[in-house]
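J.: File target.cif follows (mmCIF, C-alpha atoms):
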data_input
loop_
_atom_site.label_atom_id
_atom_site.label_comp_id
_atom_site.auth_asym_id
_atom_site.auth_seq_id
_atom_site.Cartn_x
_atom_site.Cartn_y
_atom_site.Cartn_z
CA MET K 282 -101.39 26.75 -166.87
CA PRO K 283 -103.52 29.49 -165.27
CA LYS K 284 -104.58 32.59 -167.07
CA ILE K 285 -102.02 35.15 -165.97
CA LYS K 286 -103.79 38.49 -165.99
CA SER K 287 -102.68 42.12 -165.96
CA PHE K 288 -100.44 42.28 -162.89
CA SER K 289 -98.82 38.93 -163.66
CA ARG K 290 -98.10 40.04 -167.22
CA PHE K 291 -96.64 43.24 -165.86
CA PHE K 292 -94.28 41.34 -163.55
CA VAL K 293 -93.04 39.10 -166.34
CA VAL K 294 -92.72 41.84 -168.98
CA LEU K 295 -90.95 44.25 -166.67
CA ALA K 296 -88.57 41.55 -165.49
CA LEU K 297 -87.63 40.82 -169.11
CA ALA K 298 -87.32 44.54 -169.80
CA LEU K 299 -84.93 45.22 -166.92
CA PRO K 300 -81.83 45.05 -169.15
CA PHE K 301 -83.25 47.85 -171.29
CA ILE K 302 -83.95 50.25 -168.42
CA SER K 303 -80.47 50.08 -166.93
CA ILE K 304 -78.40 53.21 -166.66
CA PRO K 305 -76.56 53.91 -169.93
CA ALA K 306 -73.42 54.93 -168.04
CA PHE K 307 -72.81 51.30 -167.14
CA ALA K 308 -71.05 50.07 -170.26
CA ALA K 309 -70.59 46.34 -170.65
CA ASP K 310 -66.85 46.48 -170.12
CA GLU K 311 -66.91 48.91 -167.21
CA GLY K 312 -65.87 47.77 -163.75
CA SER K 313 -65.21 44.19 -164.79
CA VAL K 314 -63.69 41.84 -162.25
CA PRO K 315 -61.95 38.54 -162.81
CA VAL K 316 -64.11 35.63 -161.71
CA SER K 317 -62.30 32.39 -162.31
CA ALA K 318 -64.95 30.06 -160.90
CA ILE K 319 -68.36 30.10 -159.34
CA GLY K 320 -68.08 30.38 -155.57
CA THR K 321 -69.92 28.26 -153.02
CA ILE K 322 -72.29 31.10 -152.13
CA SER K 323 -73.21 31.47 -155.80
CA ILE K 324 -74.06 27.78 -155.93
CA ILE K 325 -76.30 28.24 -152.89
CA TYR K 326 -78.00 31.23 -154.52
CA GLY K 327 -78.52 29.13 -157.64
CA ALA K 328 -80.08 26.31 -155.64
CA ILE K 329 -82.41 28.77 -153.87
CA ALA K 330 -83.40 30.32 -157.21
CA VAL K 331 -84.16 26.89 -158.65
CA LEU K 332 -86.20 26.04 -155.54
CA SER K 333 -88.19 29.28 -155.95
CA LEU K 334 -88.96 28.43 -159.57
CA LEU K 335 -89.92 24.87 -158.66
CA LEU K 336 -92.33 26.15 -156.02
CA LEU K 337 -93.82 28.53 -158.58
CA PHE K 338 -94.39 25.78 -161.14
CA ALA K 339 -95.64 23.38 -158.46
CA TYR K 340 -98.21 25.96 -157.38
CA ILE K 341 -99.28 26.49 -160.99
CA ILE K 342 -99.56 22.77 -161.76
CA TRP K 343 -100.95 21.25 -158.56
CA GLU K 344 -102.97 23.96 -156.85
CA LYS K 345 -106.56 23.62 -158.06
CA ASN K 346 -107.94 26.80 -156.49
CA LYS K 347 -105.24 29.22 -157.58
CA GLU K 348 -105.22 32.64 -155.95
CA ARG K 349 -103.77 35.43 -158.05
CA ASN K 350 -102.06 37.08 -155.08
CA PHE K 351 -100.16 33.89 -154.29
CA LEU K 352 -99.25 33.52 -157.95
CA TYR K 353 -97.87 37.07 -157.87
CA LEU K 354 -95.97 36.32 -154.66
CA PHE K 355 -94.33 33.20 -156.10
CA ILE K 356 -93.36 35.18 -159.22
CA CYS K 357 -91.88 38.01 -157.15
CA VAL K 358 -89.86 35.70 -154.91
CA SER K 359 -88.56 33.81 -157.94
CA ILE K 360 -87.43 37.04 -159.61
CA THR K 361 -85.76 38.24 -156.41
CA ASN K 362 -83.80 35.03 -155.88
CA CYS K 363 -82.79 34.85 -159.54
CA GLY K 364 -81.50 38.39 -159.11
CA TYR K 365 -79.36 37.38 -156.14
CA PHE K 366 -77.91 34.50 -158.14
CA PHE K 367 -77.18 36.50 -161.29
CA LEU K 368 -75.54 39.22 -159.21
CA SER K 369 -73.24 36.71 -157.57
CA ILE K 370 -71.96 35.47 -160.94
CA SER K 371 -71.85 38.82 -162.79
CA LYS K 372 -68.49 39.80 -164.26
CA THR K 373 -69.24 43.44 -165.03
CA LEU K 374 -70.86 46.30 -163.19
CA PHE K 375 -73.45 46.58 -165.95
CA TRP K 376 -74.82 43.07 -165.45
CA ALA K 377 -74.43 43.27 -161.68
CA MET K 378 -76.73 46.31 -161.68
CA ILE K 379 -79.22 44.49 -163.91
CA ALA K 380 -79.32 41.61 -161.42
CA ASN K 381 -79.59 44.09 -158.55
CA ARG K 382 -82.65 45.62 -160.18
CA MET K 383 -84.20 42.17 -160.54
CA SER K 384 -83.85 41.57 -156.81
CA TYR K 385 -85.32 45.00 -156.02
CA PHE K 386 -88.20 44.37 -158.41
CA GLY K 387 -89.24 41.20 -156.63
CA ALA K 388 -88.74 42.69 -153.16
CA ALA K 389 -90.68 45.91 -153.90
CA TYR K 390 -93.76 44.10 -155.20
CA SER K 391 -93.66 41.04 -152.94
CA ILE K 392 -94.31 43.19 -149.87
CA LEU K 393 -97.35 44.67 -151.62
CA VAL K 394 -98.67 41.21 -152.46
CA MET K 395 -98.10 40.09 -148.86
CA LEU K 396 -100.27 42.98 -147.69
CA LEU K 397 -103.06 41.97 -150.11
CA ILE K 398 -102.85 38.36 -148.92
CA ILE K 399 -103.18 39.47 -145.30
CA TYR K 400 -106.21 41.55 -146.28
CA ASP K 401 -107.77 38.36 -147.65
CA VAL K 402 -106.85 36.23 -144.64
CA CYS K 403 -108.17 38.90 -142.26
CA LYS K 404 -111.34 39.13 -144.38
CA MET K 405 -111.11 42.90 -144.76
CA GLU K 406 -112.90 44.81 -147.50
CA LEU K 407 -110.65 46.77 -149.85
CA ARG K 408 -111.66 50.14 -151.23
CA ARG K 409 -111.56 50.35 -155.00
CA TRP K 410 -108.85 52.98 -154.94
CA PHE K 411 -106.55 51.03 -152.62
CA LYS K 412 -104.98 48.58 -155.07
CA PRO K 413 -104.14 51.19 -157.76
CA LEU K 414 -102.70 53.53 -155.12
CA ALA K 415 -100.64 50.80 -153.44
CA PHE K 416 -99.42 49.56 -156.82
CA ALA K 417 -98.36 53.10 -157.77
CA ILE K 418 -96.46 53.50 -154.49
CA SER K 419 -94.69 50.16 -154.99
CA THR K 420 -93.78 51.11 -158.55
CA ALA K 421 -92.37 54.42 -157.34
CA ALA K 422 -90.31 52.60 -154.69
CA PHE K 423 -88.97 50.19 -157.31
CA LEU K 424 -88.05 53.02 -159.69
CA ILE K 425 -86.21 54.80 -156.89
CA ALA K 426 -84.19 51.66 -156.16
CA CYS K 427 -83.77 51.10 -159.90
CA SER K 428 -82.15 54.53 -160.35
CA GLY K 429 -78.92 53.10 -158.95
CA GLU K 430 -76.06 55.55 -159.29
CA LEU K 431 -78.01 58.00 -161.47
CA LEU K 432 -77.33 61.51 -160.16
CA GLY K 433 -76.06 59.89 -156.96
CA LEU K 434 -79.58 59.70 -155.58
CA TYR K 435 -79.94 56.06 -154.54
CA TYR K 436 -76.27 55.09 -154.61
CA SER K 437 -73.73 57.88 -154.29
CA SER K 438 -71.18 55.43 -155.70
CA VAL K 439 -71.10 51.75 -156.60
CA THR K 440 -68.46 49.30 -157.76
CA ILE K 441 -68.12 45.52 -157.74
CA GLU K 442 -65.57 43.12 -156.38
CA SER K 443 -65.14 39.37 -156.41
CA VAL K 444 -64.55 37.49 -153.17
CA HIS K 445 -63.93 33.74 -153.44
CA GLY K 446 -65.54 33.68 -156.86
CA VAL K 447 -68.65 35.59 -155.73
CA THR K 448 -69.43 39.07 -157.08
CA LYS K 449 -70.86 41.66 -154.72
CA LEU K 450 -71.69 45.35 -154.92
CA CYS K 451 -69.59 47.81 -152.97
CA LYS K 452 -71.92 50.76 -152.59
CA GLU K 453 -72.43 53.97 -150.70
CA TYR K 454 -76.04 54.99 -150.26
CA GLY K 455 -77.45 58.26 -151.51
CA PRO K 456 -80.26 60.42 -150.05
CA LEU K 457 -83.14 58.47 -151.68
CA HIS K 458 -82.12 55.20 -150.08
CA SER K 459 -83.90 56.22 -146.88
CA LEU K 460 -87.16 56.59 -148.84
CA TYR K 461 -87.03 52.95 -149.89
CA SER K 462 -86.35 51.90 -146.29
CA LEU K 463 -89.32 54.03 -145.20
CA TYR K 464 -91.46 52.28 -147.83
CA ILE K 465 -90.60 48.86 -146.39
CA VAL K 466 -91.21 49.96 -142.80
CA ALA K 467 -94.57 51.55 -143.72
CA TYR K 468 -95.83 48.35 -145.32
CA VAL K 469 -94.70 46.20 -142.39
CA VAL K 470 -96.39 48.55 -139.92
CA ALA K 471 -99.56 48.45 -142.03
CA MET K 472 -99.55 44.64 -142.04
CA VAL K 473 -98.97 44.38 -138.29
CA PHE K 474 -101.72 46.94 -137.64
CA LEU K 475 -104.10 45.05 -139.91
CA ILE K 476 -103.41 41.76 -138.13
CA GLY K 477 -103.93 43.39 -134.74
CA TYR K 478 -107.16 45.07 -135.86
CA ALA K 479 -108.53 41.85 -137.33
CA SER K 480 -107.67 39.96 -134.17
CA LYS K 481 -109.34 42.59 -131.97
CA LYS K 482 -112.48 42.55 -134.15
CA LYS K 483 -112.45 38.73 -134.06
CA ARG K 484 -112.17 38.48 -137.83
CA LEU K 485 -109.58 35.74 -137.33
CA ALA K 486 -110.85 32.36 -136.18
CA SER K 487 -108.20 32.03 -133.46
CA PRO K 488 -105.46 34.14 -131.83
CA LYS K 489 -102.93 31.57 -133.01
CA TYR K 490 -103.66 32.63 -136.59
CA ALA K 491 -102.80 36.22 -135.66
CA ILE K 492 -99.53 35.09 -134.11
CA PHE K 493 -98.72 32.94 -137.13
CA LEU K 494 -99.44 35.82 -139.52
CA ALA K 495 -97.40 38.29 -137.50
CA THR K 496 -94.50 35.85 -137.45
CA ALA K 497 -94.64 35.50 -141.23
CA VAL K 498 -94.66 39.28 -141.66
CA LEU K 499 -91.93 40.07 -139.15
CA LEU K 500 -89.67 37.22 -140.26
CA ASN K 501 -88.14 39.20 -143.11
CA VAL K 502 -87.65 42.27 -140.91
CA CYS K 503 -85.86 40.19 -138.27
CA VAL K 504 -83.70 38.56 -140.93
CA TRP K 505 -82.78 41.96 -142.34
CA ALA K 506 -81.83 43.17 -138.84
CA VAL K 507 -79.67 40.09 -138.26
CA GLU K 508 -77.93 40.65 -141.59
CA GLN K 509 -76.80 44.07 -140.40
CA LEU K 510 -74.92 42.38 -137.55
CA LEU K 511 -73.27 39.69 -139.65
CA THR K 512 -70.11 40.04 -141.67
CA GLU K 513 -70.97 37.20 -144.07
CA ASP K 514 -71.85 38.42 -147.57
CA PHE K 515 -74.91 36.25 -147.95
CA GLU K 516 -78.48 37.50 -148.40
CA LEU K 517 -80.47 35.58 -145.81
CA LEU K 518 -83.57 37.23 -147.23
CA SER K 519 -83.32 34.83 -150.17
CA VAL K 520 -84.26 32.05 -147.75
CA SER K 521 -86.72 34.01 -145.61
CA TYR K 522 -88.77 35.01 -148.67
CA ILE K 523 -89.40 31.34 -149.42
CA VAL K 524 -90.24 30.59 -145.79
CA THR K 525 -92.65 33.53 -145.71
CA GLU K 526 -94.54 32.50 -148.84
CA ILE K 527 -94.86 28.94 -147.53
CA MET K 528 -96.13 30.18 -144.15
CA LEU K 529 -98.72 32.46 -145.77
CA LEU K 530 -99.82 29.72 -148.14
CA THR K 531 -100.11 27.27 -145.21
CA ILE K 532 -102.34 29.46 -143.07
CA TYR K 533 -104.46 30.41 -146.08
CA GLY K 534 -104.87 26.74 -146.93
CA VAL K 535 -105.87 25.87 -143.36
CA LEU K 536 -108.51 28.61 -143.26
CA ARG K 537 -109.79 27.58 -146.67
CA ASP K 538 -110.01 23.89 -145.71
CA TYR K 539 -112.08 24.79 -142.65
CA GLY K 540 -114.46 26.85 -144.76
CA ILE K 541 -113.43 30.15 -143.13
CA ILE K 542 -112.16 31.45 -146.46
CA GLN K 543 -113.39 30.53 -149.92
CA PRO K 544 -111.21 31.32 -152.97
CA ASN K 545 -112.16 34.66 -154.52
CA GLN K 546 -115.55 34.64 -152.79
CA GLY K 547 -114.98 35.73 -149.19
CA LEU K 548 -116.64 33.40 -146.70
CA LEU K 549 -119.06 31.47 -148.87
CA SER K 550 -119.52 30.60 -152.52
CA VAL K 551 -122.30 29.32 -154.73
CA GLN K 552 -120.22 26.18 -155.26
CA MET K 553 -120.45 25.46 -151.53
CA LEU K 554 -124.24 25.36 -151.75
CA THR K 555 -124.05 22.94 -154.66
CA GLN K 556 -121.42 20.68 -153.13
CA LEU K 557 -123.30 20.31 -149.86
CA ASN K 558 -126.62 19.54 -151.63
CA THR K 559 -128.05 21.64 -148.83
CA ARG K 560 -131.70 21.18 -149.72
CA HIS K 561 -131.42 17.62 -148.41
CA VAL K 562 -129.39 18.37 -145.28
CA ASN K 563 -131.05 18.18 -141.87
CA PRO K 564 -129.83 20.38 -139.00
CA GLY K 565 -128.52 17.36 -137.12
CA GLU K 566 -126.61 16.03 -140.11
CA LEU K 567 -124.38 19.01 -140.84
CA PRO K 568 -120.63 18.40 -141.21
CA PRO K 569 -118.78 19.51 -138.03
CA ALA K 570 -116.94 22.33 -139.83
CA MET K 571 -120.20 23.69 -141.28
CA GLU K 572 -121.97 23.51 -137.93
CA GLU K 573 -119.14 25.48 -136.33
CA LEU K 574 -119.45 28.04 -139.11
CA PHE K 575 -123.19 28.37 -138.47
CA LYS K 576 -122.71 28.76 -134.72
CA ALA K 577 -120.01 31.41 -135.20
CA PHE K 578 -122.19 33.37 -137.63
CA SER K 579 -125.20 33.14 -135.28
CA GLU K 580 -123.09 34.52 -132.43
CA LYS K 581 -122.08 37.47 -134.60
CA ALA K 582 -125.75 38.09 -135.43
CA LYS K 583 -126.40 38.61 -131.72
CA THR K 584 -124.20 41.72 -131.81
CA LEU K 585 -126.55 43.54 -134.21
CA SER K 586 -128.55 46.46 -132.88
CA SER K 587 -132.35 46.41 -133.03
CA ALA K 588 -132.37 48.59 -136.15
CA GLU K 589 -129.72 46.46 -137.84
CA HIS K 590 -131.58 43.28 -136.98
CA ARG K 591 -134.77 44.68 -138.54
CA ILE K 592 -132.84 45.34 -141.75
CA LEU K 593 -131.51 41.77 -141.66
CA LYS K 594 -135.04 40.46 -141.12
CA TYR K 595 -136.20 42.28 -144.26
CA TYR K 596 -133.46 40.55 -146.25
CA ILE K 597 -134.45 37.21 -144.75
CA ASP K 598 -138.06 37.88 -145.82
CA GLY K 599 -136.89 38.39 -149.39
CA TYR K 600 -136.98 42.19 -149.72
CA ASP K 601 -134.41 44.15 -151.71
CA THR K 602 -132.46 47.14 -150.46
CA ALA K 603 -134.67 49.51 -152.48
CA ASP K 604 -137.81 48.18 -150.68
CA ILE K 605 -136.57 48.76 -147.13
CA PRO K 606 -136.81 52.59 -146.86
CA GLU K 607 -140.58 52.49 -147.39
CA LEU K 608 -141.05 49.49 -145.09
CA ALA K 609 -138.89 50.80 -142.27
CA PHE K 610 -139.76 54.51 -142.71
CA VAL K 611 -136.11 55.49 -143.09
CA SER K 612 -133.99 57.00 -145.86
CA ILE K 613 -131.94 54.95 -148.29
CA HIS K 614 -128.87 56.60 -146.78
CA THR K 615 -129.80 55.16 -143.37
CA VAL K 616 -130.31 51.72 -144.90
CA LYS K 617 -126.88 51.85 -146.53
CA LYS K 618 -125.37 52.95 -143.22
CA HIS K 619 -126.99 49.99 -141.45
CA ASN K 620 -125.84 47.69 -144.26
CA HIS K 621 -122.24 48.74 -143.79
CA SER K 622 -122.48 48.07 -140.05
CA ILE K 623 -124.17 44.69 -140.63
CA TYR K 624 -121.45 43.63 -143.08
CA GLN K 625 -118.75 44.54 -140.59
CA LYS K 626 -120.37 42.78 -137.63
CA LEU K 627 -121.23 39.65 -139.62
CA ASN K 628 -117.86 39.73 -141.37
CA VAL K 629 -119.21 39.64 -144.90
CA SER K 630 -118.02 41.73 -147.82
CA SER K 631 -121.29 42.40 -149.66
CA ARG K 632 -125.05 41.91 -149.75
CA ASP K 633 -124.57 39.00 -152.15
CA GLU K 634 -122.43 37.20 -149.59
CA LEU K 635 -124.97 37.96 -146.87
CA MET K 636 -127.72 36.45 -149.05
CA LEU K 637 -125.60 33.34 -149.55
CA TYR K 638 -125.50 32.92 -145.78
CA ILE K 639 -129.24 33.45 -145.49
CA GLU K 640 -129.90 30.88 -148.21
CA LEU K 641 -127.55 28.40 -146.58
CA PHE K 642 -129.22 28.87 -143.18
CA ARG K 643 -132.62 28.45 -144.82
CA CYS K 644 -131.68 25.26 -146.67
CA CYS K 645 -130.13 23.65 -143.61
CA GLY K 646 -132.98 24.47 -141.23
CA TRP K 647 -131.03 27.00 -139.16
CA LEU K 648 -132.89 30.13 -140.26
CA ASP K 649 -134.72 30.49 -136.93
CA LYS K 650 -131.37 30.92 -135.19
CA LEU K 651 -130.59 33.80 -137.53
CA SER K 652 -134.00 35.48 -137.76
CA ASP K 653 -134.80 35.55 -134.02
CA GLU K 654 -133.57 38.77 -132.46
CA GLN K 655 -131.21 37.95 -129.61
CA ILE K 656 -129.91 41.12 -127.98
#
Would you put the structure from the file into structure tokens?
T.:
Amino acid sequence: MPKIKSFSRFFVVLALALPFISIPAFAADEGSVPVSAIGTISIIYGAIAVLSLLLLFAYIIWEKNKERNFLYLFICVSITNCGYFFLSISKTLFWAMIANRMSYFGAAYSILVMLLIIYDVCKMELRRWFKPLAFAISTAAFLIACSGELLGLYYSSVTIESVHGVTKLCKEYGPLHSLYSLYIVAYVVAMVFLIGYASKKKRLASPKYAIFLATAVLLNVCVWAVEQLLTEDFELLSVSYIVTEIMLLTIYGVLRDYGIIQPNQGLLSVQMLTQLNTRHVNPGELPPAMEELFKAFSEKAKTLSSAEHRILKYYIDGYDTADIPELAFVSIHTVKKHNHSIYQKLNVSSRDELMLYIELFRCCGWLDKLSDEQI
């Protein structure tokens, strides 16, 4: 069982607390409907919820290199699908609204986690303020949806009815509903923009990865659009969420297996150096995947300017950042500016990761291909 840290604890605790943050006006005996038996759609929802939970536990048990963002995504999808199921079997408006909040909880945070996963896949560097800000926005969106019929802001009115043994909400939307829709659209646009930017900057190994990512992102939007045209009272999103998480996990796994992404470490990790026993590897004996990685990195090094390449050469020679201003007769601000540009062009997230590359090139006899200026 992995160590579930702050965000994971928050998801679980808030999900358990949902019954206590429901609107007091929804008494337990208010708006009850007779439900004589569980309908077929409820059984389907139940099966999907069980599948979501099984995927969550399978990921926890069998995945050796667990990524927190994927753990969060599996938790969110499980909560959402459990919400759909509980809503379909609710007998009172009170419990139907509780289940509705569960589904909104998972949906509001799952789109945030998807964005973070795409940041990882696209190998983009996150600002420190981004996660807290995005988390605050997602929490605000959830609380708006959670307000339900309170003051008529999200729902102007809401009741329940049972159709063929399946409970559904009959609602009229209030003025704040458009804000939640805007929240979803903004995140989808951000994800599509990020994929396009990463593809343009060649941060993705192949255009097919960009297409695959865009498909995973737009799948839920397309499903939502189709649902607006259908008369069937079935949430197709319950299925598309599972498909999306599997697609994202698949592409992440492929990139990780090819060494393009390393869990929690960007492109390279110290473990990679150890596993390869690189101090005994000759240039002609490199594994094919590693040789491709070296060639790709060397090609990126050719895009450095003369000034940037001089900075890189200082790092190769073993100098620290603080030594370079005196050696290169420039200010520390200029060095930091060149560092930022070098990180972007070489697609690394930090100086530590850059030094891992340099060490790996040195140990495998490829350092001349990195240190020679080729512009």
J.: With all atoms listed in the file counted, which protein, DNA or RNA residues have an atom no more than 12 Å from (-96.0, 47.7, -144.7) in the file frame? Please answer as a PyMOL selection string.
T.: chain K and resi 389-397+399+415+418-419+461-476+495+498-499+501-502
J.: Just to confirm, what's the straight-line distance from atom CA of K:Ile322 to atom CA of K:Ser369 in Å (one decimal)?
T.: 7.9 Å
J.: At what distance in Å, to one decimal, does atom CA of K:Ile360 lie from atom CA of K:Tyr522?
T.: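 These atoms are spaced 11.2 Å apart.
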J.: Mind listing as a PyMOL selection string all residues within 8 Å of (-70.2, 47.9, -158.7), counting all atoms listed in the file?
T.: chain K and resi 312+373-374+377-378+439-442+449-452
J.: Write a file of the selected residues as a PDB file, keeping the file's coordinate frame, keeping C-alpha atoms.
T.:
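And here is the file that came out, result35.pdb:
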ATOM      1  CA  GLY K 312     -65.870  47.770-163.750  1.00  0.00           C
ATOM      2  CA  THR K 373     -69.240  43.440-165.030  1.00  0.00           C
ATOM      3  CA  LEU K 374     -70.860  46.300-163.190  1.00  0.00           C
ATOM      4  CA  ALA K 377     -74.430  43.270-161.680  1.00  0.00           C
ATOM      5  CA  MET K 378     -76.730  46.310-161.680  1.00  0.00           C
ATOM      6  CA  VAL K 439     -71.100  51.750-156.600  1.00  0.00           C
ATOM      7  CA  THR K 440     -68.460  49.300-157.760  1.00  0.00           C
ATOM      8  CA  ILE K 441     -68.120  45.520-157.740  1.00  0.00           C
ATOM      9  CA  GLU K 442     -65.570  43.120-156.380  1.00  0.00           C
ATOM     10  CA  LYS K 449     -70.860  41.660-154.720  1.00  0.00           C
ATOM     11  CA  LEU K 450     -71.690  45.350-154.920  1.00  0.00           C
ATOM     12  CA  CYS K 451     -69.590  47.810-152.970  1.00  0.00           C
ATOM     13  CA  LYS K 452     -71.920  50.760-152.590  1.00  0.00           C
TER      14      LYS K 452
END
J.: Near K:Cys363, within 9 Å and counting all atoms listed in the file, which residues show up once chain neighbours fewer than 4 positions away are dropped, as a count of residues only?
T.: 14
J.: Report, in Å to a single decimal, how far apart atom CA of K:Thr525 and atom CA of K:Ala497 are.
T.: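 Atom CA of K:Ala497 sits 5.3 Å away from atom CA of K:Thr525.
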J.: Compare K:Tyr400, K:Tyr340, K:Tyr454, K:Phe578 by their minimum atom-to-atom distance to K:Ser438, counting all atoms listed in the file, and give me the closest one.
T.: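 The shortest atom-to-atom distance to K:Ser438 comes from K:Tyr454.
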J.: Name all residues at most 7 Å from K:Leu434 (count all atoms listed in the file; drop same-chain ones fewer than 5 positions away) and give them as an MDAnalysis selection string.
T.: chainID K and resid 455:457
J.: Put the listed atoms of stretch 520-525 of chain K in a box along x, y and z with 5 Å added on every side and give me the centre and edge lengths in Å to one decimal, as lines of an AutoDock Vina configuration file.
T.:
center_x = -88.5
center_y = 32.8
center_z = -147.5
size_x = 18.4
size_y = 14.4
size_z = 13.8
J.: Please list as a ChimeraX atom specification every residue within 10 Å of K:Ile623, counting all atoms listed in the file and excluding residues in the same chain fewer than 4 positions away.
T.: /K:581-582,584-586,589-590,592-593,617-619,627-632,635
J.: Quick one: of K:Leu500, K:Leu414, K:Leu648, K:Ile356, who's nearest to K:Lys576, counting all atoms listed in the file?
T.: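 Smallest distance to K:Lys576 is found for K:Leu648.
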J.: Can you pull out the residues contacting K:Met528? Cut-off 9 Å, using only C-alpha atoms, and skip same-chain residues under 6 positions away; I want them as a list in words.
T.: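 Everything that qualifies: Phe493, Leu494, Thr496 and Ala497 of chain K.
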J.: Using N, CA, C and O atoms, give me stretch 633-646 of chain K from the structure I just pasted, as an mmCIF file, in the first residue's frame.
T.:
data_model
loop_
_atom_site.group_PDB
_atom_site.id
_atom_site.type_symbol
_atom_site.label_atom_id
_atom_site.label_comp_id
_atom_site.auth_asym_id
_atom_site.auth_seq_id
_atom_site.Cartn_x
_atom_site.Cartn_y
_atom_site.Cartn_z
ATOM 1 N N ASP K 633 20.524 19.872 -11.767
ATOM 2 C CA ASP K 633 20.818 18.500 -11.322
ATOM 3 C C ASP K 633 20.549 17.493 -12.434
ATOM 4 O O ASP K 633 21.338 16.562 -12.647
ATOM 5 N N GLU K 634 19.448 17.683 -13.146
ATOM 6 C CA GLU K 634 19.139 16.763 -14.249
ATOM 7 C C GLU K 634 20.138 16.920 -15.382
ATOM 8 O O GLU K 634 20.551 15.936 -16.010
ATOM 9 N N LEU K 635 20.551 18.172 -15.642
ATOM 10 C CA LEU K 635 21.562 18.404 -16.668
ATOM 11 C C LEU K 635 22.864 17.699 -16.307
ATOM 12 O O LEU K 635 23.513 17.083 -17.155
ATOM 13 N N MET K 636 23.257 17.766 -15.029
ATOM 14 C CA MET K 636 24.489 17.112 -14.586
ATOM 15 C C MET K 636 24.378 15.588 -14.674
ATOM 16 O O MET K 636 25.380 14.897 -14.914
ATOM 17 N N LEU K 637 23.183 15.061 -14.490
ATOM 18 C CA LEU K 637 22.990 13.618 -14.684
ATOM 19 C C LEU K 637 23.265 13.228 -16.130
ATOM 20 O O LEU K 637 23.902 12.201 -16.413
ATOM 21 N N TYR K 638 22.804 14.050 -17.057
ATOM 22 C CA TYR K 638 23.080 13.789 -18.472
ATOM 23 C C TYR K 638 24.586 13.833 -18.734
ATOM 24 O O TYR K 638 25.152 12.968 -19.416
ATOM 25 N N ILE K 639 25.230 14.890 -18.226
ATOM 26 C CA ILE K 639 26.663 15.041 -18.455
ATOM 27 C C ILE K 639 27.425 13.839 -17.915
ATOM 28 O O ILE K 639 28.327 13.296 -18.571
ATOM 29 N N GLU K 640 27.053 13.399 -16.720
ATOM 30 C CA GLU K 640 27.721 12.238 -16.121
ATOM 31 C C GLU K 640 27.477 10.973 -16.939
ATOM 32 O O GLU K 640 28.380 10.151 -17.132
ATOM 33 N N LEU K 641 26.250 10.835 -17.432
ATOM 34 C CA LEU K 641 25.935 9.656 -18.234
ATOM 35 C C LEU K 641 26.702 9.667 -19.546
ATOM 36 O O LEU K 641 27.240 8.642 -19.984
ATOM 37 N N PHE K 642 26.803 10.851 -20.203
ATOM 38 C CA PHE K 642 27.583 10.963 -21.426
ATOM 39 C C PHE K 642 29.051 10.660 -21.151
ATOM 40 O O PHE K 642 29.725 9.997 -21.946
ATOM 41 N N ARG K 643 29.558 11.140 -20.012
ATOM 42 C CA ARG K 643 30.958 10.929 -19.669
ATOM 43 C C ARG K 643 31.252 9.435 -19.459
ATOM 44 O O ARG K 643 32.233 8.895 -19.958
ATOM 45 N N CYS K 644 30.368 8.771 -18.701
ATOM 46 C CA CYS K 644 30.597 7.362 -18.374
ATOM 47 C C CYS K 644 30.494 6.451 -19.590
ATOM 48 O O CYS K 644 31.116 5.396 -19.635
ATOM 49 N N CYS K 645 29.698 6.860 -20.557
ATOM 50 C CA CYS K 645 29.469 6.001 -21.725
ATOM 51 C C CYS K 645 30.337 6.385 -22.920
ATOM 52 O O CYS K 645 30.162 5.852 -24.018
ATOM 53 N N GLY K 646 31.255 7.354 -22.715
ATOM 54 C CA GLY K 646 32.181 7.701 -23.788
ATOM 55 C C GLY K 646 31.588 8.575 -24.865
ATOM 56 O O GLY K 646 32.118 8.630 -25.981
#
